[in-house]
Amino acid sequence: MLVKDLVEKFDLAVTGGKSGLDREVTEGYCGDLLSEVMGNAPAGCAWMTVQGHQNIVAVAVLREMAAIVITGGQIPDAETIQKADQEGIPILQWPDSSFSLAGRLFSAGVGNPASE
Amino acid sequence: MLATLPGLTENDNLPLINARPARITAPSENFKHMSQLKKSFHIKSRDFIRAGEASINIQNLLKSMDFDPSLIRRVAICGYESEMNVVMHGGDGTLSIEVDSDRLILEITDDGPGIEDIDLAMQAGYSTANDDHREMGFGAGMGLPNMKKNSDRIQVDSKKDDGTLVRMIFFIPEKGETD
């Protein structure tokens with residue numbers, strides 16, 4: 001599934017990094033502690049977090065993530081959007097919890113071995 | 001203070017912490033004739049805006065040199081954690097990457113307050129981050145443990161009020177060899 005398919009399927013708002021919408025999403029990851037995410041998030045994941053500050057973009061680039069989804073109705077900082085545009089990392093927004101989106105992604109086959 | 005470790009080999013009896021099993025291999029065909037390269041990046045204390053950029057540069061450099069993706073990922077994690085340690089706790093610092101025939105050497109130095117108890121700082125969950133850092137999702141106490149976990153060798157040299165040096169070594173896997 002591509003990031004743009006994810007956006008369409010779950011009606012996510014795209015607030016930055018639009019040039020990366022063709023990235024492939026192969027996994028999902030939830031986490032708000034940056035070192036924990038840095039150490040464990042898989043490449044190609046859609047990362048669900050309530051963090052909206054600019055340091056999330058570097059984490060996503062270094063872990064080669066597909067996209068960042070800011071959950072819980074949190075709003076990314078202007079600097080975050082600017083950095084995401086520079087790096088081509090899509091910043092998406094979801095109004096509900098990370099849990100509720102993660103469940104939907106898993107059911108849609110993202111990171112779900114049963115769907116392969 | 002161990003500022004430099006010239007001619008380091010896996011058998012040298014140095015105060016290094018063995019983070020991963022030693023896996024020394026001959027240089028692959030790709031790197032046999034590569035001349036040594038070293039790049040350094042200035043890291044500014046409390047500059048959260050640029051934090052991570054040096055590691056992204058290093059990641060891009062290693063990608064352009066066609067290194068194994070999992071090796072690059074490990075170096076990137078260690079670079080990022082190094083940068084964040086300096087941005088949050090250190091004075092200004094320097095992050096450098098050195099490419100040798102059979103290993104990559106990542107080194108971070110800073111002129112910050114130093115680490116009072118290195119053994120404690122190496123423990124997962126121990127952190128001296130303040131409330132602002134924690135609010136941003138830092139301060140999980142996983143910085144140095146992540147660096148230890150993802151490097152083949154790590155040396156931490158620091159004392160109170162005397163800055164910190166962390167040197168990490170990553171052995172280059174032979175072609176076809178995976179983690």
# chains A, B, ... in the order shown; residues from 1 in each chain; ligands from 1
call {"tool": "select_by_dssp", "arguments": {"residues": "region 68-173 of chain B", "states": "strand (DSSP E)", "output": "list in words"}}
result
Gly93, Thr94, Leu95, Ser96, Ile97, Glu98, Val99, Arg103, Leu104, Ile105, Leu106, Glu107, Ile108, Thr109, Asp110, Arg153, Ile154, Gln155, Val156, Asp157, Ser158, Thr164, Leu165, Val166, Arg167, Met168, Ile169, Phe170 and Phe171 of chain B
call {"tool": "interface_residues", "arguments": {"of": "chain A", "to": "chain B", "cutoff": "12 Å", "atoms": "only C-alpha atoms", "output": "ChimeraX atom specification"}}
result
/A:31-43,49-65,77-80,82-83,86-87
call {"tool": "select_by_dssp", "arguments": {"residues": "region 45-121 of chain B", "states": "alpha helix (DSSP H)", "output": "ChimeraX atom specification"}}
result
/B:53-64,69-88,118-121
call {"tool": "residues_around", "arguments": {"residues": "Leu37 (chain B)", "least_positions_apart": "6", "cutoff": "9 Å", "atoms": "only C-alpha atoms", "output": "ChimeraX atom specification"}}
result
/B:97-100
call {"tool": "write_last_selection", "arguments": {"atoms": "C-alpha atoms", "output": "short mmCIF file (atom, residue, chain, number, x, y, z; two decimals), in the first residue's frame"}}
result
data_model
loop_
_atom_site.label_atom_id
_atom_site.label_comp_id
_atom_site.auth_asym_id
_atom_site.auth_seq_id
_atom_site.Cartn_x
_atom_site.Cartn_y
_atom_site.Cartn_z
CA ILE B 97 32.52 9.37 10.71
CA GLU B 98 35.64 7.62 9.57
CA VAL B 99 35.59 4.98 6.85
CA ASP B 100 38.37 2.45 7.04
#
call {"tool": "residues_around", "arguments": {"residues": "Thr71 (chain A)", "least_positions_apart": "3", "cutoff": "7 Å", "atoms": "only C-alpha atoms", "output": "list in words"}}
result
Met48, Thr49, Val50, Gln74, Gln93, Trp94, Pro95, Asp96, Ser97 and Ser98 of chain A
call {"tool": "residues_around", "arguments": {"residues": "Ala46 (chain A)", "least_positions_apart": "4", "cutoff": "8 Å", "atoms": "only C-alpha atoms", "output": "PyMOL selection string"}}
result
chain A and resi 25-29+65-69
call {"tool": "atom_distance", "arguments": {"atom1": "CA of Val110 (chain A)", "atom2": "CA of Asp66 (chain B)"}}
result
28.8 Å
call {"tool": "residues_around", "arguments": {"residues": "Gly20 (chain A)", "least_positions_apart": "5", "cutoff": "7 Å", "atoms": "only C-alpha atoms", "output": "list in words"}}
result
Gly88, Ile89 and Pro90 of chain A
call {"tool": "decode", "arguments": {"residues": "region 75-88 of chain B", "atoms": "all heavy atoms", "output": "PDB file, in the first residue's frame"}}
result
ATOM      1  N   VAL B  75      24.447   2.632  12.185  1.00  0.00           N
ATOM      2  CA  VAL B  75      25.257   3.854  12.332  1.00  0.00           C
ATOM      3  C   VAL B  75      24.330   5.066  12.503  1.00  0.00           C
ATOM      4  O   VAL B  75      24.592   5.952  13.323  1.00  0.00           O
ATOM      5  CB  VAL B  75      26.190   4.049  11.105  1.00  0.00           C
ATOM      6  CG1 VAL B  75      26.940   5.377  11.211  1.00  0.00           C
ATOM      7  CG2 VAL B  75      27.180   2.895  10.986  1.00  0.00           C
ATOM      8  N   ALA B  76      23.234   5.072  11.745  1.00  0.00           N
ATOM      9  CA  ALA B  76      22.289   6.201  11.810  1.00  0.00           C
ATOM     10  C   ALA B  76      21.680   6.330  13.203  1.00  0.00           C
ATOM     11  O   ALA B  76      21.560   7.431  13.742  1.00  0.00           O
ATOM     12  CB  ALA B  76      21.189   6.018  10.757  1.00  0.00           C
ATOM     13  N   ILE B  77      21.298   5.202  13.802  1.00  0.00           N
ATOM     14  CA  ILE B  77      20.729   5.224  15.157  1.00  0.00           C
ATOM     15  C   ILE B  77      21.755   5.806  16.135  1.00  0.00           C
ATOM     16  O   ILE B  77      21.451   6.693  16.936  1.00  0.00           O
ATOM     17  CB  ILE B  77      20.326   3.795  15.609  1.00  0.00           C
ATOM     18  CG1 ILE B  77      19.153   3.286  14.778  1.00  0.00           C
ATOM     19  CG2 ILE B  77      19.984   3.766  17.093  1.00  0.00           C
ATOM     20  CD1 ILE B  77      18.848   1.802  14.993  1.00  0.00           C
ATOM     21  N   CYS B  78      22.979   5.303  16.034  1.00  0.00           N
ATOM     22  CA  CYS B  78      24.032   5.762  16.963  1.00  0.00           C
ATOM     23  C   CYS B  78      24.343   7.241  16.742  1.00  0.00           C
ATOM     24  O   CYS B  78      24.574   7.978  17.707  1.00  0.00           O
ATOM     25  CB  CYS B  78      25.295   4.924  16.782  1.00  0.00           C
ATOM     26  SG  CYS B  78      25.074   3.215  17.300  1.00  0.00           S
ATOM     27  N   GLY B  79      24.325   7.672  15.491  1.00  0.00           N
ATOM     28  CA  GLY B  79      24.599   9.077  15.191  1.00  0.00           C
ATOM     29  C   GLY B  79      23.526   9.971  15.787  1.00  0.00           C
ATOM     30  O   GLY B  79      23.820  10.983  16.426  1.00  0.00           O
ATOM     31  N   TYR B  80      22.291   9.572  15.605  1.00  0.00           N
ATOM     32  CA  TYR B  80      21.174  10.378  16.117  1.00  0.00           C
ATOM     33  C   TYR B  80      21.215  10.478  17.645  1.00  0.00           C
ATOM     34  O   TYR B  80      21.079  11.562  18.214  1.00  0.00           O
ATOM     35  CB  TYR B  80      19.843   9.779  15.664  1.00  0.00           C
ATOM     36  CG  TYR B  80      18.664  10.591  16.133  1.00  0.00           C
ATOM     37  CD1 TYR B  80      18.312  11.768  15.483  1.00  0.00           C
ATOM     38  CD2 TYR B  80      17.905  10.195  17.225  1.00  0.00           C
ATOM     39  CE1 TYR B  80      17.239  12.535  15.922  1.00  0.00           C
ATOM     40  CE2 TYR B  80      16.832  10.949  17.665  1.00  0.00           C
ATOM     41  CZ  TYR B  80      16.501  12.111  17.004  1.00  0.00           C
ATOM     42  OH  TYR B  80      15.447  12.868  17.439  1.00  0.00           O
ATOM     43  N   GLU B  81      21.417   9.333  18.294  1.00  0.00           N
ATOM     44  CA  GLU B  81      21.476   9.344  19.760  1.00  0.00           C
ATOM     45  C   GLU B  81      22.644  10.207  20.239  1.00  0.00           C
ATOM     46  O   GLU B  81      22.530  10.928  21.234  1.00  0.00           O
ATOM     47  CB  GLU B  81      21.624   7.914  20.307  1.00  0.00           C
ATOM     48  CG  GLU B  81      20.451   6.996  20.000  1.00  0.00           C
ATOM     49  CD  GLU B  81      19.169   7.378  20.741  1.00  0.00           C
ATOM     50  OE1 GLU B  81      19.150   8.397  21.435  1.00  0.00           O
ATOM     51  OE2 GLU B  81      18.175   6.648  20.592  1.00  0.00           O
ATOM     52  N   SER B  82      23.757  10.136  19.519  1.00  0.00           N
ATOM     53  CA  SER B  82      24.933  10.951  19.878  1.00  0.00           C
ATOM     54  C   SER B  82      24.598  12.430  19.782  1.00  0.00           C
ATOM     55  O   SER B  82      24.913  13.218  20.679  1.00  0.00           O
ATOM     56  CB  SER B  82      26.097  10.667  18.919  1.00  0.00           C
ATOM     57  OG  SER B  82      26.454   9.317  18.936  1.00  0.00           O
ATOM     58  N   GLU B  83      23.965  12.791  18.668  1.00  0.00           N
ATOM     59  CA  GLU B  83      23.602  14.198  18.469  1.00  0.00           C
ATOM     60  C   GLU B  83      22.664  14.680  19.568  1.00  0.00           C
ATOM     61  O   GLU B  83      22.829  15.775  20.112  1.00  0.00           O
ATOM     62  CB  GLU B  83      22.886  14.373  17.120  1.00  0.00           C
ATOM     63  CG  GLU B  83      23.805  14.493  15.951  1.00  0.00           C
ATOM     64  CD  GLU B  83      23.046  14.931  14.709  1.00  0.00           C
ATOM     65  OE1 GLU B  83      22.701  16.118  14.598  1.00  0.00           O
ATOM     66  OE2 GLU B  83      22.802  14.071  13.841  1.00  0.00           O
ATOM     67  N   MET B  84      21.642  13.860  19.857  1.00  0.00           N
ATOM     68  CA  MET B  84      20.665  14.295  20.848  1.00  0.00           C
ATOM     69  C   MET B  84      21.287  14.432  22.240  1.00  0.00           C
ATOM     70  O   MET B  84      20.928  15.322  22.997  1.00  0.00           O
ATOM     71  CB  MET B  84      19.461  13.333  20.907  1.00  0.00           C
ATOM     72  CG  MET B  84      18.582  13.334  19.675  1.00  0.00           C
ATOM     73  SD  MET B  84      18.259  14.946  18.918  1.00  0.00           S
ATOM     74  CE  MET B  84      17.541  15.873  20.266  1.00  0.00           C
ATOM     75  N   ASN B  85      22.236  13.549  22.550  1.00  0.00           N
ATOM     76  CA  ASN B  85      22.918  13.669  23.847  1.00  0.00           C
ATOM     77  C   ASN B  85      23.624  15.015  23.951  1.00  0.00           C
ATOM     78  O   ASN B  85      23.584  15.666  24.992  1.00  0.00           O
ATOM     79  CB  ASN B  85      23.937  12.536  24.021  1.00  0.00           C
ATOM     80  CG  ASN B  85      23.274  11.253  24.505  1.00  0.00           C
ATOM     81  OD1 ASN B  85      22.136  11.273  24.962  1.00  0.00           O
ATOM     82  ND2 ASN B  85      23.987  10.152  24.399  1.00  0.00           N
ATOM     83  N   VAL B  86      24.270  15.426  22.860  1.00  0.00           N
ATOM     84  CA  VAL B  86      24.990  16.700  22.888  1.00  0.00           C
ATOM     85  C   VAL B  86      23.994  17.866  22.924  1.00  0.00           C
ATOM     86  O   VAL B  86      24.155  18.812  23.698  1.00  0.00           O
ATOM     87  CB  VAL B  86      25.934  16.822  21.671  1.00  0.00           C
ATOM     88  CG1 VAL B  86      26.515  18.230  21.586  1.00  0.00           C
ATOM     89  CG2 VAL B  86      27.052  15.804  21.778  1.00  0.00           C
ATOM     90  N   VAL B  87      22.956  17.779  22.094  1.00  0.00           N
ATOM     91  CA  VAL B  87      21.971  18.870  22.040  1.00  0.00           C
ATOM     92  C   VAL B  87      21.306  19.065  23.414  1.00  0.00           C
ATOM     93  O   VAL B  87      21.114  20.183  23.871  1.00  0.00           O
ATOM     94  CB  VAL B  87      20.902  18.587  20.952  1.00  0.00           C
ATOM     95  CG1 VAL B  87      19.731  19.548  21.058  1.00  0.00           C
ATOM     96  CG2 VAL B  87      21.537  18.674  19.566  1.00  0.00           C
ATOM     97  N   MET B  88      21.005  17.954  24.084  1.00  0.00           N
ATOM     98  CA  MET B  88      20.292  18.063  25.360  1.00  0.00           C
ATOM     99  C   MET B  88      21.216  18.309  26.548  1.00  0.00           C
ATOM    100  O   MET B  88      20.895  19.081  27.430  1.00  0.00           O
ATOM    101  CB  MET B  88      19.493  16.777  25.616  1.00  0.00           C
ATOM    102  CG  MET B  88      18.252  16.679  24.760  1.00  0.00           C
ATOM    103  SD  MET B  88      17.177  15.355  25.310  1.00  0.00           S
ATOM    104  CE  MET B  88      18.100  13.929  24.806  1.00  0.00           C
TER     105      MET B  88
END
